[in-house]
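Novice: Just so it is clear, I am handing over structure38.txt, which has compact mmCIF, C-alpha atoms and all ligand atoms.
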```
# COMPACT_ATOMS: atom_id res chain seq x y z
CA MET R 1 9.76 -1.48 39.32
CA ILE R 2 9.99 2.15 38.27
CA LYS R 3 8.09 4.14 35.69
CA ILE R 4 9.65 3.94 32.22
CA THR R 5 9.50 6.94 29.94
CA LYS R 6 8.79 5.58 26.50
CA GLY R 7 11.18 6.82 23.81
CA ASP R 8 10.34 7.67 20.21
CA LYS R 9 8.84 4.87 18.16
CA PRO R 10 11.48 3.31 15.88
CA ASP R 11 10.98 4.10 12.17
CA ILE R 12 10.60 0.42 11.29
CA LEU R 13 7.42 0.21 13.39
CA ASP R 14 6.05 3.40 11.83
CA GLN R 15 6.63 1.92 8.43
CA LYS R 16 5.76 -1.73 8.95
CA ALA R 17 3.64 -2.33 12.09
CA ALA R 18 0.29 -2.06 10.29
CA GLU R 19 1.40 -4.37 7.49
CA TRP R 20 2.82 -6.99 9.90
CA THR R 21 -0.29 -6.83 12.09
CA ALA R 22 -2.49 -7.44 9.05
CA GLU R 23 -0.33 -10.43 8.07
CA VAL R 24 -0.64 -11.91 11.56
CA GLN R 25 -4.39 -11.35 11.65
CA ALA R 26 -4.86 -12.87 8.18
CA ALA R 27 -2.88 -15.97 9.14
CA LEU R 28 -4.80 -16.36 12.39
CA ASP R 29 -8.15 -15.88 10.64
CA ALA R 30 -7.19 -18.54 8.08
CA GLY R 31 -6.11 -20.91 10.84
CA GLU R 32 -2.60 -21.04 9.41
CA GLU R 33 0.55 -21.53 11.42
CA LEU R 34 2.48 -18.28 11.70
CA SER R 35 5.92 -18.33 10.13
CA LYS R 36 8.90 -17.99 12.43
CA SER R 37 9.99 -14.87 10.59
CA LEU R 38 6.59 -13.19 10.98
CA LYS R 39 6.42 -14.11 14.66
CA SER R 40 9.76 -12.42 15.34
CA LYS R 41 9.37 -9.21 13.28
CA TYR R 42 9.13 -7.13 16.47
CA ASN R 43 12.61 -8.34 17.39
CA HIS R 44 14.16 -5.92 14.91
CA ALA R 45 17.59 -4.56 15.91
CA SER R 46 16.39 -0.95 15.99
CA VAL R 47 13.40 -1.86 18.18
CA LYS R 48 15.60 -3.79 20.58
CA ALA R 49 18.14 -0.96 20.75
CA ALA R 50 15.44 1.62 21.52
CA ILE R 51 13.96 -0.59 24.23
CA VAL R 52 17.35 -1.24 25.82
CA THR R 53 18.00 2.52 25.88
CA GLU R 54 14.71 3.45 27.54
CA THR R 55 14.89 0.63 30.11
CA HIS R 56 18.62 1.20 30.74
CA GLY R 57 19.12 -2.49 30.03
CA LYS R 58 17.03 -3.46 33.05
CA CYS R 59 14.09 -5.81 33.30
CA ALA R 60 10.98 -3.60 33.33
CA TYR R 61 9.55 -5.67 36.18
CA CYS R 62 12.30 -6.71 38.60
CA GLU R 63 14.88 -4.03 37.61
CA SER R 64 17.72 -6.52 37.27
CA LYS R 65 20.38 -5.55 34.76
CA VAL R 66 20.04 -8.27 32.19
CA ARG R 67 22.33 -7.26 29.38
CA HIS R 68 25.59 -8.49 30.91
CA VAL R 69 24.29 -12.07 31.16
CA ALA R 70 21.67 -12.29 28.40
CA PRO R 71 20.39 -10.18 25.51
CA GLY R 72 17.07 -9.77 27.36
CA ASP R 73 13.67 -10.64 25.93
CA ILE R 74 11.39 -8.19 24.21
CA GLU R 75 8.33 -8.40 26.39
CA HIS R 76 4.71 -7.87 25.30
CA ILE R 77 2.92 -6.22 28.20
CA VAL R 78 -0.40 -7.49 26.85
CA PRO R 79 0.56 -11.05 25.86
CA LYS R 80 0.83 -11.95 22.19
CA SER R 81 -1.63 -14.82 22.61
CA ILE R 82 -4.31 -12.46 23.93
CA GLU R 83 -4.08 -9.50 21.59
CA PRO R 84 -2.51 -10.04 18.15
CA ALA R 85 -3.27 -6.40 17.27
CA LEU R 86 -0.66 -5.34 19.85
CA TRP R 87 2.21 -7.55 18.64
CA PHE R 88 3.94 -4.62 16.99
CA GLU R 89 2.49 -1.82 19.09
CA TRP R 90 5.36 0.27 20.42
CA LEU R 91 3.65 1.04 23.73
CA ASN R 92 3.16 -2.67 24.33
CA LEU R 93 6.84 -3.55 24.05
CA THR R 94 9.46 -3.46 26.78
CA LEU R 95 12.42 -5.48 28.13
CA ALA R 96 12.15 -8.39 30.56
CA CYS R 97 14.63 -10.77 32.13
CA PRO R 98 14.13 -14.45 31.21
CA VAL R 99 12.77 -15.30 34.68
CA CYS R 100 10.11 -12.57 34.78
CA ASN R 101 9.23 -13.29 31.14
CA THR R 102 8.72 -16.99 31.90
CA ASN R 103 6.75 -16.31 35.08
CA LYS R 104 4.52 -13.79 33.30
CA SER R 105 3.68 -16.22 30.50
CA ASN R 106 0.16 -15.44 29.22
CA HIS R 107 -1.02 -13.58 32.30
CA GLN R 108 -2.15 -9.98 32.11
CA GLY R 109 -3.48 -7.24 34.37
CA PHE R 110 -0.08 -6.32 35.79
CA VAL R 111 1.25 -2.94 36.82
CA ASP R 112 2.24 -1.35 33.51
CA PRO R 113 5.62 0.39 33.78
CA HIS R 114 4.63 2.78 30.97
CA ASP R 115 1.15 3.78 32.11
CA ASP R 116 1.10 3.23 35.85
CA GLU R 117 3.19 4.85 38.56
CA PRO R 118 4.67 1.74 40.19
CA SER R 119 5.27 3.47 43.53
CA GLU R 120 1.48 3.75 43.85
CA HIS R 121 1.28 -0.05 43.74
CA PHE R 122 4.37 -1.18 45.68
CA TRP R 123 6.38 -0.25 48.73
CA PHE R 124 9.75 -1.50 49.95
CA ALA R 125 10.84 -2.67 53.38
CA GLY R 126 14.52 -3.53 53.18
CA THR R 127 14.95 -5.92 50.27
CA ALA R 128 11.28 -6.93 50.23
CA ILE R 129 8.80 -5.43 47.79
CA PHE R 130 5.17 -5.45 48.89
CA PRO R 131 1.97 -4.61 47.04
CA ARG R 132 0.20 -1.63 48.53
CA PRO R 133 -2.98 -2.66 50.33
CA GLY R 134 -5.87 -2.45 47.89
CA SER R 135 -3.72 -2.68 44.77
CA GLN R 136 -4.92 -5.75 42.91
CA LYS R 137 -2.50 -5.03 40.10
CA GLY R 138 0.38 -4.82 42.56
CA THR R 139 -0.65 -8.06 44.25
CA LEU R 140 -0.98 -9.90 40.95
CA THR R 141 2.36 -8.56 39.67
CA GLU R 142 4.28 -9.45 42.84
CA THR R 143 2.71 -12.89 43.09
CA VAL R 144 2.89 -14.08 39.50
CA LEU R 145 6.29 -12.61 38.69
CA LYS R 146 7.64 -13.72 42.09
CA LEU R 147 9.26 -10.35 42.72
CA ASN R 148 10.42 -11.61 46.14
CA ARG R 149 12.21 -14.67 44.78
CA SER R 150 15.31 -15.50 46.75
CA ASP R 151 17.88 -14.65 44.09
CA LEU R 152 16.40 -11.16 43.81
CA HIS R 153 16.55 -10.74 47.58
CA ASP R 154 20.23 -11.72 47.48
CA ARG R 155 21.05 -9.22 44.72
CA ARG R 156 19.02 -6.48 46.37
CA TYR R 157 20.77 -7.14 49.69
CA ASP R 158 24.13 -6.58 47.99
CA ARG R 159 22.84 -3.22 46.72
CA LEU R 160 21.44 -2.31 50.12
CA SER R 161 24.75 -3.18 51.80
CA SER R 162 26.69 -0.90 49.48
CA LEU R 163 24.17 1.89 50.09
CA GLU R 164 24.58 1.46 53.83
CA ARG R 165 28.38 1.66 53.43
CA LEU R 166 28.08 4.91 51.47
CA LEU R 167 25.71 6.32 54.08
CA ARG R 168 28.09 5.40 56.89
CA ILE R 169 31.08 6.97 55.10
CA ALA R 170 29.11 10.18 54.52
CA SER R 171 27.80 10.21 58.10
CA ASN R 172 31.29 9.72 59.58
CA GLU R 173 32.92 12.44 57.49
CA VAL R 174 34.05 15.26 59.79
CA ASP R 175 34.64 17.91 57.11
CA PRO R 176 31.20 19.57 56.63
CA ALA R 177 31.76 20.47 52.95
CA LEU R 178 32.92 16.97 52.02
CA LYS R 179 30.13 15.44 54.07
CA ALA R 180 27.55 17.48 52.13
CA VAL R 181 29.07 16.36 48.80
CA LEU R 182 29.03 12.69 49.83
CA GLN R 183 25.44 12.96 51.01
CA GLN R 184 24.27 14.70 47.84
CA ASP R 185 26.13 12.14 45.69
CA LEU R 186 24.33 9.36 47.50
CA ILE R 187 20.92 11.00 47.09
CA MET R 188 21.44 11.95 43.43
CA ASN R 189 23.12 8.78 42.21
CA GLU R 190 20.82 6.31 43.88
CA ASN R 191 17.69 8.01 42.59
CA LYS R 192 18.74 7.69 38.96
CA PRO R 193 16.58 5.40 36.80
CA GLU R 194 19.59 3.55 35.41
CA VAL R 195 20.56 2.26 38.86
CA GLU R 196 19.80 -1.41 39.40
CA TYR R 197 16.85 -1.78 41.81
CA ALA R 198 16.25 1.99 41.75
CA ALA R 199 12.84 1.66 43.44
CA MET R 200 14.52 0.02 46.44
CA SER R 201 17.38 2.56 46.43
CA ARG R 202 14.88 5.42 46.42
CA ALA R 203 13.06 3.86 49.36
CA PHE R 204 16.39 3.52 51.22
CA VAL R 205 17.23 7.19 50.63
CA ALA R 206 13.72 8.32 51.66
CA ASN R 207 13.93 6.20 54.78
CA ALA R 208 17.38 7.60 55.66
CA GLN R 209 16.01 11.12 55.20
CA ALA R 210 13.00 10.34 57.40
CA GLN R 211 15.40 9.05 60.08
CA GLY R 212 17.46 12.25 59.88
CA LEU R 213 20.47 10.37 58.46
CA LEU R 214 20.45 12.33 55.20
CA PRO R 215 19.37 15.91 54.47
ZN ZN O 301 12.91 -9.51 35.79
```
As structure tokens, what does this structure read like?

Specialist:
Amino acid sequence: MIKITKGDKPDILDQKAAEWTAEVQAALDAGEELSKSLKSKYNHASVKAAIVTETHGKCAYCESKVRHVAPGDIEHIVPKSIEPALWFEWLNLTLACPVCNTNKSNHQGFVDPHDDEPSEHFWFAGTAIFPRPGSQKGTLTETVLKLNRSDLHDRRYDRLSSLERLLRIASNEVDPALKAVLQQDLIMNENKPEVEYAAMSRAFVANAQAQGLLP
């Protein structure tokens, strides 16, 4: 998980969020079943597009690129069932892969990718993500979302292998100028937020620097 910089609120939420929230609250107060259309108002095309842009099409929790296999689910950080007032709240909406979304269900109290700095709650060792000792939020997030599930380990290992290849190519380059370019490319590119599993890539680069393998 990495910190997500929230983009500008889409106009539709500026214009309609208060009205939709009042409709939801009125229906809940009256004990009425919410209509399908009301329940999915937040799934407006402009909202989805803005969320995909700010998350780079990655799950806010596990950092898997989801858009090439599924549209991705708009995720309510505070679950809909717990806080109806936040159904259409821009800061409460992000993108999640179907697996993280299902695992999260109605739980709350997770590391918030908008408000928290995830690196203060997690650390990486190879492909494994661990909660930092003392971080209850980190422990809850890792456990409930199953951030060390085996398919994620497999995908992260593929990323780690390609990083290791790039590091080896840069390290073996004999021309000093080209070597410096390859090393800087590795450091710059793998730290970018749009990279899949960027938190792990950043840990790899930091580790390589600590070992004297990168400047
Ligand atoms: Zn996910």

Novice: What is the atom CA of Asn191 of chain R-atom CA of Lys179 of chain R distance in Å, reported with one decimal?

Specialist: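 Separating atom CA of Asn191 of chain R from atom CA of Lys179 of chain R is a distance of 18.5 Å.
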
Novice: Using only C-alpha atoms, which of R:Asn106, R:Asn92, R:Thr127, R:Gln183 sits nearest Phe204 of chain R?

Specialist: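 Counting only C-alpha atoms, the residue closest to Phe204 of chain R is R:Thr127.
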
Novice: What is the atom CA of Lys137 of chain R-atom CA of Gln209 of chain R distance in Å, reported with one decimal?

Specialist: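 Taking atom CA of Lys137 of chain R as the start and atom CA of Gln209 of chain R as the end point, the length is 28.8 Å.
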
Novice: Measuring atom to atom with all atoms listed in the file, identify which of R:Leu160, R:Cys97, R:Val181, R:Ile169 is nearest to Val52 of chain R.

Specialist: R:Cys97

Novice: Counting all atoms listed in the file, what are the residues, protein, DNA or RNA alike, that approach ligand ZN 301 (chain O) to within 6 Å? I want them as a PyMOL selection string.

Specialist: chain R and resi 59+61-62+64+96-97+99-100

Novice: List as a VMD selection string the protein and nucleic acid residues near segment 6-19 of chain R, meaning an atom at most 6 Å away when all atoms listed in the file are counted, but skip any in the same chain fewer than 3 places from it.

Specialist: chain R and resid 22 47 88

Novice: Tell me, as a list in words, which residues lie within 8 Å of Glu54 of chain R, counting only C-alpha atoms; anything in the same chain fewer than 3 positions away does not count.

Specialist: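 My list of contacting residues is Ile4, Thr5, Lys6, Gly7, Ala50, Ile51 and Gly57 of chain R.
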
Novice: Given all atoms listed in the file as the basis, pick out the residue of R:Glu196, R:Asp154, R:Asp185, R:Glu32 nearest to Ala170 of chain R.

Specialist: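 When distances to Ala170 of chain R are compared using all atoms listed in the file, the smallest one comes from R:Asp185.
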
Novice: Let me make sure I understand: among R:Thr53, R:Ser35, R:Asn103, R:Ser161, which one has the smallest atom-to-atom distance to Arg149 of chain R if we use only C-alpha atoms?

Specialist: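 The answer is R:Asn103, which sits nearest to Arg149 of chain R.
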
Novice: Looking at all atoms listed in the file, which of R:Gly31, R:Ala208, R:Pro193, R:Thr139 is the one that sits closest to Arg168 of chain R?

Specialist: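 Closest candidate: R:Ala208.
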
Novice: How would segment 93-104 of chain R read, as a PDB file, in the coordinates of the input, once all heavy atoms are built in?

Specialist:
```pdb
ATOM      1  N   LEU R  93       5.563  -2.831  24.044  1.00  0.00           N
ATOM      2  CA  LEU R  93       6.840  -3.550  24.050  1.00  0.00           C
ATOM      3  C   LEU R  93       7.791  -2.990  25.105  1.00  0.00           C
ATOM      4  O   LEU R  93       7.934  -1.769  25.241  1.00  0.00           O
ATOM      5  CB  LEU R  93       7.520  -3.443  22.674  1.00  0.00           C
ATOM      6  CG  LEU R  93       6.712  -3.933  21.474  1.00  0.00           C
ATOM      7  CD1 LEU R  93       7.489  -3.695  20.180  1.00  0.00           C
ATOM      8  CD2 LEU R  93       6.378  -5.417  21.610  1.00  0.00           C
ATOM      9  N   THR R  94       8.440  -3.895  25.829  1.00  0.00           N
ATOM     10  CA  THR R  94       9.460  -3.460  26.780  1.00  0.00           C
ATOM     11  C   THR R  94      10.503  -4.582  26.916  1.00  0.00           C
ATOM     12  O   THR R  94      10.531  -5.510  26.102  1.00  0.00           O
ATOM     13  CB  THR R  94       8.849  -3.034  28.130  1.00  0.00           C
ATOM     14  OG1 THR R  94       9.865  -2.429  28.932  1.00  0.00           O
ATOM     15  CG2 THR R  94       8.239  -4.210  28.883  1.00  0.00           C
ATOM     16  N   LEU R  95      11.361  -4.475  27.933  1.00  0.00           N
ATOM     17  CA  LEU R  95      12.420  -5.480  28.130  1.00  0.00           C
ATOM     18  C   LEU R  95      12.132  -6.266  29.416  1.00  0.00           C
ATOM     19  O   LEU R  95      11.734  -5.678  30.422  1.00  0.00           O
ATOM     20  CB  LEU R  95      13.783  -4.780  28.266  1.00  0.00           C
ATOM     21  CG  LEU R  95      15.021  -5.670  28.240  1.00  0.00           C
ATOM     22  CD1 LEU R  95      15.282  -6.184  26.815  1.00  0.00           C
ATOM     23  CD2 LEU R  95      16.264  -4.911  28.720  1.00  0.00           C
ATOM     24  N   ALA R  96      12.327  -7.576  29.351  1.00  0.00           N
ATOM     25  CA  ALA R  96      12.150  -8.390  30.560  1.00  0.00           C
ATOM     26  C   ALA R  96      13.296  -9.375  30.674  1.00  0.00           C
ATOM     27  O   ALA R  96      13.873  -9.801  29.669  1.00  0.00           O
ATOM     28  CB  ALA R  96      10.822  -9.143  30.522  1.00  0.00           C
ATOM     29  N   CYS R  97      13.629  -9.727  31.919  1.00  0.00           N
ATOM     30  CA  CYS R  97      14.630 -10.770  32.130  1.00  0.00           C
ATOM     31  C   CYS R  97      13.954 -12.121  31.831  1.00  0.00           C
ATOM     32  O   CYS R  97      12.718 -12.230  31.852  1.00  0.00           O
ATOM     33  CB  CYS R  97      15.174 -10.725  33.552  1.00  0.00           C
ATOM     34  SG  CYS R  97      14.040 -11.297  34.825  1.00  0.00           S
ATOM     35  N   PRO R  98      14.739 -13.161  31.551  1.00  0.00           N
ATOM     36  CA  PRO R  98      14.130 -14.450  31.210  1.00  0.00           C
ATOM     37  C   PRO R  98      13.227 -14.995  32.323  1.00  0.00           C
ATOM     38  O   PRO R  98      12.209 -15.628  32.031  1.00  0.00           O
ATOM     39  CB  PRO R  98      15.343 -15.364  30.988  1.00  0.00           C
ATOM     40  CG  PRO R  98      16.468 -14.443  30.664  1.00  0.00           C
ATOM     41  CD  PRO R  98      16.208 -13.174  31.427  1.00  0.00           C
ATOM     42  N   VAL R  99      13.566 -14.736  33.580  1.00  0.00           N
ATOM     43  CA  VAL R  99      12.770 -15.300  34.680  1.00  0.00           C
ATOM     44  C   VAL R  99      11.399 -14.609  34.757  1.00  0.00           C
ATOM     45  O   VAL R  99      10.352 -15.275  34.810  1.00  0.00           O
ATOM     46  CB  VAL R  99      13.504 -15.175  36.038  1.00  0.00           C
ATOM     47  CG1 VAL R  99      12.660 -15.788  37.154  1.00  0.00           C
ATOM     48  CG2 VAL R  99      14.867 -15.835  35.963  1.00  0.00           C
ATOM     49  N   CYS R 100      11.388 -13.281  34.738  1.00  0.00           N
ATOM     50  CA  CYS R 100      10.110 -12.570  34.780  1.00  0.00           C
ATOM     51  C   CYS R 100       9.283 -12.900  33.542  1.00  0.00           C
ATOM     52  O   CYS R 100       8.060 -13.079  33.634  1.00  0.00           O
ATOM     53  CB  CYS R 100      10.321 -11.056  34.867  1.00  0.00           C
ATOM     54  SG  CYS R 100      10.871 -10.502  36.495  1.00  0.00           S
ATOM     55  N   ASN R 101       9.947 -12.991  32.389  1.00  0.00           N
ATOM     56  CA  ASN R 101       9.230 -13.290  31.140  1.00  0.00           C
ATOM     57  C   ASN R 101       8.552 -14.651  31.235  1.00  0.00           C
ATOM     58  O   ASN R 101       7.389 -14.819  30.868  1.00  0.00           O
ATOM     59  CB  ASN R 101      10.216 -13.252  29.972  1.00  0.00           C
ATOM     60  CG  ASN R 101       9.520 -12.992  28.648  1.00  0.00           C
ATOM     61  OD1 ASN R 101       8.365 -12.592  28.609  1.00  0.00           O
ATOM     62  ND2 ASN R 101      10.219 -13.239  27.562  1.00  0.00           N
ATOM     63  N   THR R 102       9.279 -15.640  31.754  1.00  0.00           N
ATOM     64  CA  THR R 102       8.720 -16.990  31.900  1.00  0.00           C
ATOM     65  C   THR R 102       7.587 -16.991  32.921  1.00  0.00           C
ATOM     66  O   THR R 102       6.523 -17.575  32.691  1.00  0.00           O
ATOM     67  CB  THR R 102       9.820 -17.973  32.340  1.00  0.00           C
ATOM     68  OG1 THR R 102      10.853 -17.942  31.348  1.00  0.00           O
ATOM     69  CG2 THR R 102       9.286 -19.384  32.479  1.00  0.00           C
ATOM     70  N   ASN R 103       7.798 -16.334  34.047  1.00  0.00           N
ATOM     71  CA  ASN R 103       6.750 -16.310  35.080  1.00  0.00           C
ATOM     72  C   ASN R 103       5.491 -15.603  34.574  1.00  0.00           C
ATOM     73  O   ASN R 103       4.369 -15.990  34.903  1.00  0.00           O
ATOM     74  CB  ASN R 103       7.257 -15.575  36.340  1.00  0.00           C
ATOM     75  CG  ASN R 103       8.307 -16.377  37.086  1.00  0.00           C
ATOM     76  OD1 ASN R 103       8.503 -17.556  36.813  1.00  0.00           O
ATOM     77  ND2 ASN R 103       9.012 -15.737  38.011  1.00  0.00           N
ATOM     78  N   LYS R 104       5.679 -14.571  33.778  1.00  0.00           N
ATOM     79  CA  LYS R 104       4.520 -13.790  33.300  1.00  0.00           C
ATOM     80  C   LYS R 104       3.683 -14.615  32.334  1.00  0.00           C
ATOM     81  O   LYS R 104       2.453 -14.574  32.381  1.00  0.00           O
ATOM     82  CB  LYS R 104       4.982 -12.506  32.642  1.00  0.00           C
ATOM     83  CG  LYS R 104       3.820 -11.605  32.240  1.00  0.00           C
ATOM     84  CD  LYS R 104       4.323 -10.221  31.909  1.00  0.00           C
ATOM     85  CE  LYS R 104       3.204  -9.348  31.341  1.00  0.00           C
ATOM     86  NZ  LYS R 104       2.921  -9.632  29.938  1.00  0.00           N
TER      87      LYS R 104
END
```
